[in-house]
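As structure tokens, the structure follows; a few thoughts come after it.
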Amino acid sequence: MKVELIDISVIFEKNTDVEKVALSNINLSFTTDERILLVGNTGSGKTTLIYLLDLLIKPSSGKIFYDGTNPFEKAYNFRKEFGVAFQIPERQFFNETVEQEITYAAKNFGVSYTKEDLKKLLISVGLNEEILYKSPFKLSGGEQRKIAIASILLHNPKFLIFDEPTAGLDLKGYLSIRKILESFRNQNKGYIIATHEPELFMDLCERVITLEDGKMVSDEVIKK
Ligand SMILES: Nc1ncnc2c1ncn2[C@@H]1O[C@H](COP(=O)(O)OP(=O)(O)OP(=O)(O)O)[C@@H](O)[C@H]1O
Ligand SMILES: [Mg+2]
């Protein structure tokens with residue numbers, strides 16, 4: 001799928017004293033088989049860009065095309081292709097148990113799975129079955145991160161969007177995220193990783209986009 005952002009700006013609290021231009025005249029296009037690192041200081045607009053890509057917010061100006069069409073008209077269809085793990089996992093949870101949380105997207109998108117798929121998924125993020133029956137809100141930060149990531153994989157997305165995926169994770173957790181990304185790469189599937197720690201994922205990406213104060217200040221291909 002081809003994603004095109006043309007002259008996109010996102011302005012929060014427009015025409016108030018606290019107006020904030022979070023993204024300013026962004027021109028960006030990529031295909032969902034690309035592996036992209038999104039870097040930039042705190043407040044540079046990374047999470048805002050991710051919300052926009054997941055069609056959760058609309059641009060204040062500019063145009064977005066997914067495969068040449070207006071994605072907001074078919075947001076469900078496009079979201080199905082994405083697996084988005086947000087910066088603050090708790091904000092994406094709304095189910096009573098981890099099992100409901102992890103299986104929600106697959107059910108919502110009508111993708112079937114077996115108990116065995118669920119087991120494998122938990123192992124891939126370094127968790128065991130016991131956690132399925134717990135409340136996602138009563139877990140440690142690292143466990144929540146792992147659940148947030150597990151919950152976007154069962155519906156077999158074609159493109160991952162990870163916002164600060166290593167926040168709160170130990171080395172084992174980091175290594176399991178790398179494995180997930182490597183398996184996407186091996187299937188020629190893409191991802192965007194927003195991170196403050198580019199060195200942790202640089203080798204798994206081919207393109208680095210840098211935001212600074214809402215502007216895209218560089219877009220580089222990494223030579224291997
Ligand atoms: N809903 C909102 N209302 C008002 N301002 C907002 C809102 N969301 C984000 N902002 C502001 O927009 C700017 C960009 O925020 P964003 O969360 O996209 O940055 P970020 O690059 O993800 O930062 P971090 O690295 O800290 O996660 C910040 O100045 C932030 O305060
Ligand atoms: Mg952020």
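The way I read the labels, and the way they are meant: chains A, B, ... in the order of the structure tokens, residue 1 as the first residue of every chain, and ligand 1 as the first ligand shown, with later ones counted on from there.
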- request: Find the residues near ligand 2. Use a cut-off of 10 Å, count only C-alpha atoms and all ligand atoms, and write them as a list in words.
  value: Val39, Gly40, Asn41, Thr42, Gly43, Ser44, Gly45, Lys46, Thr47, Thr48, Leu49, Ile50, Tyr51, Phe86, Gln87, Ile88, Asp163, Glu164, Ala194, Thr195 and His196 of chain A
Which residues of stretch 26-129 of chain A sit at most 8 Å from stretch 174-193 of chain A, using only C-alpha atoms? Give each one's shortest atom pair and distance in Å (one decimal place), in chain and ascending residue order, as a tab-separated table.
```
residue	atom	partner	partner_atom	distance
A:Thr32	CA	A:Gly190	CA	5.3
A:Asp33	CA	A:Gly190	CA	4.1
A:Glu34	CA	A:Gly190	CA	4.6
A:Arg35	CA	A:Gly190	CA	4.8
A:Ile36	CA	A:Ile192	CA	4.6
A:Leu37	CA	A:Ile193	CA	5.0
A:Leu38	CA	A:Ile193	CA	5.8
A:Ser124	CA	A:Ser176	CA	6.5
A:Val125	CA	A:Ser176	CA	5.6
A:Gly126	CA	A:Ser176	CA	6.9
```
Resulting file, chosen residues, N, CA and C atoms, as a short mmCIF file (atom, residue, chain, number, x, y, z; two decimals), in the first residue's frame:
```cif
data_model
loop_
_atom_site.label_atom_id
_atom_site.label_comp_id
_atom_site.auth_asym_id
_atom_site.auth_seq_id
_atom_site.Cartn_x
_atom_site.Cartn_y
_atom_site.Cartn_z
N THR A 32 4.11 0.37 2.32
CA THR A 32 4.06 -0.38 3.58
C THR A 32 4.98 -1.60 3.58
N ASP A 33 5.87 -1.68 2.59
CA ASP A 33 6.92 -2.69 2.72
C ASP A 33 8.25 -2.04 3.12
N GLU A 34 8.19 -0.74 3.46
CA GLU A 34 9.41 -0.06 3.90
C GLU A 34 9.57 -0.17 5.42
N ARG A 35 10.84 -0.11 5.86
CA ARG A 35 11.12 -0.17 7.30
C ARG A 35 11.78 1.14 7.72
N ILE A 36 11.02 1.89 8.49
CA ILE A 36 11.35 3.30 8.72
C ILE A 36 11.56 3.59 10.20
N LEU A 37 12.61 4.33 10.50
CA LEU A 37 12.85 4.81 11.86
C LEU A 37 12.39 6.26 11.91
N LEU A 38 11.59 6.59 12.91
CA LEU A 38 11.09 7.96 13.05
C LEU A 38 11.72 8.54 14.31
N SER A 124 6.09 -15.43 21.97
CA SER A 124 6.89 -14.53 21.14
C SER A 124 7.17 -13.19 21.84
N VAL A 125 6.28 -12.81 22.77
CA VAL A 125 6.56 -11.56 23.51
C VAL A 125 7.10 -11.85 24.91
N GLY A 126 7.38 -13.13 25.20
CA GLY A 126 8.01 -13.47 26.47
C GLY A 126 7.04 -13.53 27.65
#
```
- request: Tell me which of A:Leu118, A:Met1, A:Ile11, A:Leu160 sits closest to ligand 1, counting only C-alpha atoms and all ligand atoms.
  value: A:Ile11
- request: From a DSSP pass on the backbone, collect the residues of chain A flagged as strand (DSSP E) and hand them back as a PyMOL selection string.
  value: chain A and resi 2-12+20-31+35-39+61-66+82-85+159-163+190-194+207-212+215-221
task: Report the residues of stretch 8-216 of chain A whose backbone DSSP state falls under helix (DSSP H, G or I), written as number ranges by chain.
output: A: 46-53, 71-81, 89-92, 98-108, 115-124, 129-133, 136-138, 141-150, 171-186, 198-200, 202-204
Preceding selection exported with C-alpha atoms as a compact mmCIF listing (two decimals), in the first residue's frame:
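Output saved as result_30.txt:
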```txt
# COMPACT_ATOMS: atom_id res chain seq x y z
CA LYS A 46 6.23 11.67 16.29
CA THR A 47 3.16 10.45 18.17
CA THR A 48 0.96 12.97 16.36
CA LEU A 49 2.20 11.58 13.05
CA ILE A 50 1.40 8.06 14.25
CA TYR A 51 -2.14 9.06 15.29
CA LEU A 52 -2.57 10.56 11.85
CA LEU A 53 -1.32 7.43 10.07
CA PRO A 71 -8.39 6.80 3.81
CA PHE A 72 -10.87 8.43 6.21
CA GLU A 73 -13.71 7.12 4.04
CA LYS A 74 -12.59 3.53 4.59
CA ALA A 75 -10.68 3.77 7.85
CA TYR A 76 -11.72 0.27 9.01
CA ASN A 77 -10.28 -1.35 5.89
CA PHE A 78 -6.99 0.47 6.18
CA ARG A 79 -6.64 -0.04 9.94
CA LYS A 80 -6.98 -3.75 9.37
CA GLU A 81 -3.64 -3.65 7.57
CA PRO A 89 -0.12 1.06 26.40
CA GLU A 90 -2.79 1.72 29.02
CA ARG A 91 -4.45 4.20 26.68
CA GLN A 92 -5.10 1.46 24.16
CA VAL A 98 -5.65 -9.75 28.80
CA GLU A 99 -7.21 -12.51 26.69
CA GLN A 100 -10.01 -10.19 25.55
CA GLU A 101 -7.49 -7.47 24.90
CA ILE A 102 -5.20 -9.66 22.80
CA THR A 103 -8.00 -11.23 20.77
CA TYR A 104 -10.04 -8.06 20.25
CA ALA A 105 -8.51 -6.90 16.96
CA ALA A 106 -8.65 -10.37 15.41
CA LYS A 107 -12.34 -10.66 16.33
CA ASN A 108 -13.07 -7.11 15.20
CA LYS A 115 -5.60 -21.45 20.95
CA GLU A 116 -2.19 -22.56 19.65
CA ASP A 117 -1.73 -19.22 17.78
CA LEU A 118 -2.52 -17.42 21.03
CA LYS A 119 0.02 -19.52 22.94
CA LYS A 120 2.73 -18.91 20.34
CA LEU A 121 1.98 -15.21 20.38
CA LEU A 122 2.43 -15.01 24.15
CA ILE A 123 5.72 -16.88 23.90
CA SER A 124 6.89 -14.53 21.14
CA GLU A 129 -0.66 -18.25 29.57
CA GLU A 130 -1.36 -17.30 33.16
CA ILE A 131 -1.43 -13.65 32.19
CA LEU A 132 -4.45 -14.19 29.92
CA TYR A 133 -6.86 -14.08 32.85
CA PRO A 136 -4.45 -5.50 31.59
CA PHE A 137 -4.64 -2.50 33.91
CA LYS A 138 -3.02 -4.36 36.82
CA GLY A 141 4.77 -1.33 32.72
CA GLY A 142 6.88 -3.89 30.86
CA GLU A 143 4.07 -6.49 30.91
CA GLN A 144 1.65 -3.89 29.58
CA ARG A 145 4.05 -3.05 26.75
CA LYS A 146 4.28 -6.75 25.85
CA ILE A 147 0.48 -7.13 25.92
CA ALA A 148 0.07 -4.00 23.78
CA ILE A 149 2.41 -5.52 21.22
CA ALA A 150 0.83 -8.99 21.40
CA LEU A 171 16.73 -6.66 27.65
CA LYS A 172 14.67 -9.82 27.06
CA GLY A 173 11.68 -7.70 26.09
CA TYR A 174 13.80 -5.65 23.70
CA LEU A 175 15.17 -8.81 22.10
CA SER A 176 11.68 -10.22 21.62
CA ILE A 177 10.61 -7.00 19.86
CA ARG A 178 13.63 -7.30 17.60
CA LYS A 179 12.58 -10.86 16.75
CA ILE A 180 9.08 -9.67 15.81
CA LEU A 181 10.56 -6.96 13.57
CA GLU A 182 13.02 -9.42 12.02
CA SER A 183 10.18 -11.78 11.20
CA PHE A 184 8.31 -8.91 9.52
CA ARG A 185 11.42 -8.03 7.56
CA ASN A 186 11.85 -11.66 6.48
CA PRO A 198 17.59 4.95 17.19
CA GLU A 199 20.74 2.89 17.72
CA LEU A 200 18.58 0.02 19.07
CA MET A 202 18.94 1.29 13.11
CA ASP A 203 20.15 -2.05 11.72
CA LEU A 204 16.55 -3.19 11.16
```
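Closest approach to ligand 1 from the set A:Ala167, A:Val221, A:Leu5, A:Ile64 is made by A:Ala167, with distances taken over only C-alpha atoms and all ligand atoms.
Between ligand 1 and the candidates A:Ser135, A:Thr210, A:Ser112, A:Thr97, the tightest atom-to-atom separation, counting only C-alpha atoms and all ligand atoms, involves A:Thr210.
Between atom CA of A:Glu206 and atom CA of A:Lys224 the interatomic distance comes to 8.2 Å.
For the residues A:Val3, A:Ala22, A:Val217, A:Ile222, ranking by smallest atom-to-atom distance to ligand 1 using only C-alpha atoms and all ligand atoms places A:Ala22 first.
Among A:Leu23, A:Phe201, A:Ala85, A:Asp7, the residue with the shortest atom-to-atom distance to A:Asp213, counting only C-alpha atoms, is A:Leu23.
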